[in-house]
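This report concerns only the one structure given below.
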Amino acid sequence: MRTVVYSNYGPPSVLHLTELTRPVPKPHEVLIRVHASTVTAGGCWVRQGAFPDSRGLTFFLRLFFGITRPRRPVLGFEFSGVVEAVGKAVTRFSTGDAVYGTTTGLQQGAYAEYVCIPESWRLGVMALKPSELTFGESAALPVGGMTAFQILQKADIQQGHQVLVYGASGSVGTYAVQLAAYFGGRVTAACSQANSALVQSIGAGTVSDYAQLDITRWAGQFDVVFDAVGKLPPSVGKRLVKKGGHFLTVKSVTDEKIAYLHALEAIIAEGRLKPVIDRTYELEDIVNAHTYVDLGHKKGNVVITVAQP
């Protein structure tokens with residue numbers, strides 16, 4: 001099967017396409033023919049073996065993924081596809097089911113034509129693909145969608161709350177704008193001027209260029225401030241929050257639960273949430289896809305097409 005692997009940390013050029021043996025599902029696993037995956041900022045950090053501007057987090061990243069070289073040679077933390085085969089103990093899925101989810105904590109990622117996924121496991125999730133979304137859109141939903149949903153839940157956004165989403169045009173940011181608006185918030189989006197039309201189209205009432213953030217004018221103006229890119233200093237973010245409000249950051253510890261996916265699916269079914277796709281690349285073009293995401297200018301999500309549905 002066609003698979004993208006890497007054996008050393010480094011720039012996008014460490015990724016290369018090769019042929020590996022198709023895996024065989026264990027009793028509690030399903031074999032997925034992968035249709036799509038994604039390139040996330042987090043995935044690029046894992047490829048580099050380093051978190052930007054944080055030696056402490058880099059230590060924990062290397063501790064989990066490999067100290068001197070990656071112990072998990074196939075990246076791709078999100079996927080969508082079709083069940084090709086099921087293990088004898090599987091009860092929730094059948095051959096031919098369209099599914100999506102994550103590969104968190106598994107030995108192999110989704111940059112491959114086939115991947116074995118447990119029916120359920122502690123760190124990741126898998127569910128039936130929403131019929132409203134394409135395979136590419138479904139692959140782009142789990143990580144960014146669950147992250148935004150889980151963190152925003154802490155603020156209990158009510159009708160009319162003033163919500164600032166800082167870094168509103170990224171993957172987590174585009175989900176956060178839509179979810180905050182769905183919960184009843186009046187959303188102000190901070191992003192680059194080039195992306196203002198995009199974030200307005202998905203629910204932001206006001207857009208501000210974050211290069212010209214006016215702390216004096218905005219001090220104490222928001223019920224909720226969500227830093228969706230991890231670049232807003234907490235000392236600044238907290239000054240923007242009203243007394244009793246919430247400063248939230250994407251740097252918070254999150255986890256993956258099937259309940260989060262189902263909650264997102266319900267909002268999608270109402271027509272109130274949709275993944276934003278910036279670019280789509282073929283699996284063979286994975287180096288260019290990672291190079292683009294490394295630039296830090298992607299809008300929403302970058303999808304990798306592995307197999308055509």
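FYI, nothing fancy with the structure tokens labels: chains A, B, ... in order, residues from 1 per chain, ligands from 1 as they appear.
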Contacts of Ser192 of chain A at 12 Å or less, counting only C-alpha atoms, minus same-chain residues fewer than 4 places along, as a ChimeraX atom specification?
/A:166-170,196-199,207-213,296-299
Can you list, as a PyMOL selection string, every protein, DNA or RNA residue that comes within 6 Å of segment 269-281 of chain A when you count only C-alpha atoms, leaving out same-chain residues fewer than 6 positions away?
chain A and resi 137+299-304
For the residues selected in the previous step, produce a file with N, CA and C atoms as a tab-separated table (two decimals), in the first residue's frame.
chain	number	residue	atom	x	y	z
A	137	GLU	N	-14.05	16.87	4.07
A	137	GLU	CA	-14.56	17.68	5.17
A	137	GLU	C	-14.61	16.87	6.47
A	299	LYS	N	-5.82	28.79	5.92
A	299	LYS	CA	-7.17	29.24	6.31
A	299	LYS	C	-8.03	28.00	6.54
A	300	GLY	N	-8.36	27.73	7.78
A	300	GLY	CA	-9.12	26.52	8.07
A	300	GLY	C	-8.23	25.30	8.00
A	301	ASN	N	-8.54	24.39	7.09
A	301	ASN	CA	-7.89	23.09	7.07
A	301	ASN	C	-7.25	22.76	5.73
A	302	VAL	N	-6.18	21.99	5.78
A	302	VAL	CA	-5.54	21.47	4.58
A	302	VAL	C	-5.77	19.96	4.54
A	303	VAL	N	-6.36	19.49	3.45
A	303	VAL	CA	-6.77	18.09	3.33
A	303	VAL	C	-5.81	17.34	2.41
A	304	ILE	N	-5.55	16.09	2.75
A	304	ILE	CA	-4.77	15.18	1.91
A	304	ILE	C	-5.71	14.11	1.34
Close residues, segment 223-239 of chain A itself excluded, 6 Å, only C-alpha atoms, min 3 positions apart in chain, as a ChimeraX atom specification:
/A:161-167,172-173,219,242,245-251
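Using only C-alpha atoms for every distance, the candidate list A:Leu20, A:Val74, A:Val46, A:Leu123 yields A:Val74 as the residue closest to Ser7 of chain A.
Distances here use only C-alpha atoms; by that measure, the residue among A:Gln200, A:Phe149, A:Pro142, A:Arg2 closest to Phe183 of chain A is A:Phe149.
Distances to Val34 of chain A were evaluated for A:Thr305, A:Thr95, A:Gln107, A:Gln158 using only C-alpha atoms, and the minimum falls at A:Thr305.
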Which of segment 209-265 of chain A counts as alpha helix (DSSP H) under DSSP, as an MDAnalysis selection string please?
chainID A and resid 215:218 234:239 258:265
Near Ser138 of chain A, counting only C-alpha atoms, which residues have an atom at most 7 Å away, once you skip same-chain residues fewer than 6 positions from it, shown as a PyMOL selection string?
chain A and resi 80+100+129
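Here atom CA of Tyr175 of chain A stands at a distance of 15.8 Å from atom CA of Glu256 of chain A.
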Using DSSP on the backbone coordinates, identify the residues of segment 2-62 of chain A assigned to strand (DSSP E); present them as a list in words.
Arg2, Thr3, Val4, Val5, His16, Leu17, Thr18, Glu19, Glu29, Val30, Leu31, Ile32, Arg33, Val34, His35, Ala36, Ser37, Thr38 and Val39 of chain A
Restricted to N, CA and C atoms, what would the selected residues look like written as a CSV table (one decimal), in the first residue's frame?
chain,number,residue,atom,x,y,z
A,2,ARG,N,0.4,2.3,-0.7
A,2,ARG,CA,1.2,3.6,-0.7
A,2,ARG,C,1.1,4.2,0.7
A,3,THR,N,2.3,4.6,1.2
A,3,THR,CA,2.3,5.1,2.6
A,3,THR,C,3.4,6.2,2.6
A,4,VAL,N,3.1,7.3,3.3
A,4,VAL,CA,4.1,8.3,3.6
A,4,VAL,C,4.8,8.1,4.9
A,5,VAL,N,6.1,8.0,4.9
A,5,VAL,CA,6.8,7.7,6.2
A,5,VAL,C,7.9,8.8,6.4
A,16,HIS,N,8.6,10.9,2.8
A,16,HIS,CA,8.7,10.3,1.5
A,16,HIS,C,7.7,9.2,1.3
A,17,LEU,N,7.3,9.0,0.1
A,17,LEU,CA,6.3,7.9,-0.2
A,17,LEU,C,7.0,6.6,-0.5
A,18,THR,N,6.4,5.6,0.1
A,18,THR,CA,7.0,4.2,-0.1
A,18,THR,C,5.8,3.2,-0.1
A,19,GLU,N,6.2,1.9,-0.2
A,19,GLU,CA,5.2,0.9,-0.2
A,19,GLU,C,5.4,0.0,1.0
A,29,GLU,N,-10.4,-4.6,15.9
A,29,GLU,CA,-10.0,-3.5,15.0
A,29,GLU,C,-10.8,-3.6,13.7
A,30,VAL,N,-10.9,-2.5,13.1
A,30,VAL,CA,-11.5,-2.4,11.7
A,30,VAL,C,-10.4,-1.9,10.8
A,31,LEU,N,-10.3,-2.5,9.6
A,31,LEU,CA,-9.4,-2.0,8.5
A,31,LEU,C,-10.1,-1.0,7.7
A,32,ILE,N,-9.5,0.2,7.7
A,32,ILE,CA,-10.1,1.4,6.9
A,32,ILE,C,-9.3,1.6,5.6
A,33,ARG,N,-10.0,1.7,4.5
A,33,ARG,CA,-9.4,2.2,3.3
A,33,ARG,C,-9.5,3.7,3.4
A,34,VAL,N,-8.4,4.4,3.6
A,34,VAL,CA,-8.4,5.8,3.9
A,34,VAL,C,-8.7,6.6,2.6
A,35,HIS,N,-9.7,7.5,2.7
A,35,HIS,CA,-10.0,8.4,1.6
A,35,HIS,C,-9.3,9.8,1.8
A,36,ALA,N,-9.2,10.2,3.0
A,36,ALA,CA,-8.6,11.5,3.3
A,36,ALA,C,-8.0,11.6,4.6
A,37,SER,N,-7.0,12.5,4.7
A,37,SER,CA,-6.4,12.9,6.0
A,37,SER,C,-6.2,14.4,6.0
A,38,THR,N,-5.4,14.9,6.9
A,38,THR,CA,-5.1,16.4,7.0
A,38,THR,C,-3.7,16.7,7.3
A,39,VAL,N,-3.3,17.9,7.1
A,39,VAL,CA,-2.0,18.4,7.6
A,39,VAL,C,-2.4,19.5,8.6
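Across the model, the gap from atom CA of Thr206 of chain A to atom CA of Trp218 of chain A is 12.9 Å.
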Long-range neighbours of Gln159 of chain A as a PyMOL selection string, 12 Å cut-off, only C-alpha atoms, 4 positions minimum in chain:
chain A and resi 163+180-187+223
Next, dump the selected residues to file, keeping only C-alpha atoms, as a JSON list (two decimals), in the first residue's frame.
[["chain", "number", "residue", "atom", "x", "y", "z"],
["A", 163, "VAL", "CA", -16.86, 36.68, 22.33],
["A", 180, "ALA", "CA", -19.53, 30.65, 19.50],
["A", 181, "ALA", "CA", -22.16, 32.08, 17.16],
["A", 182, "TYR", "CA", -24.22, 28.89, 17.46],
["A", 183, "PHE", "CA", -24.17, 29.16, 21.26],
["A", 184, "GLY", "CA", -25.54, 32.70, 20.99],
["A", 185, "GLY", "CA", -22.37, 34.74, 21.20],
["A", 186, "ARG", "CA", -21.77, 37.98, 19.34],
["A", 187, "VAL", "CA", -18.43, 37.14, 17.75],
["A", 223, "ASP", "CA", -17.32, 37.97, 28.21]]
Within 8 Å of Gly96 of chain A using only C-alpha atoms, minus same-chain residues under 6 positions, as a compact mmCIF listing (two decimals) with N, CA and C atoms, in the first residue's frame:
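And here's part.txt as it stands now:
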# COMPACT_ATOMS: atom_id res chain seq x y z
N VAL A 82 -13.55 4.22 4.34
CA VAL A 82 -14.58 3.18 4.31
C VAL A 82 -14.02 1.91 4.94
N VAL A 83 -14.85 1.24 5.74
CA VAL A 83 -14.44 0.00 6.39
C VAL A 83 -14.27 -1.09 5.34
N GLU A 84 -13.05 -1.61 5.26
CA GLU A 84 -12.72 -2.66 4.29
C GLU A 84 -12.93 -4.05 4.88
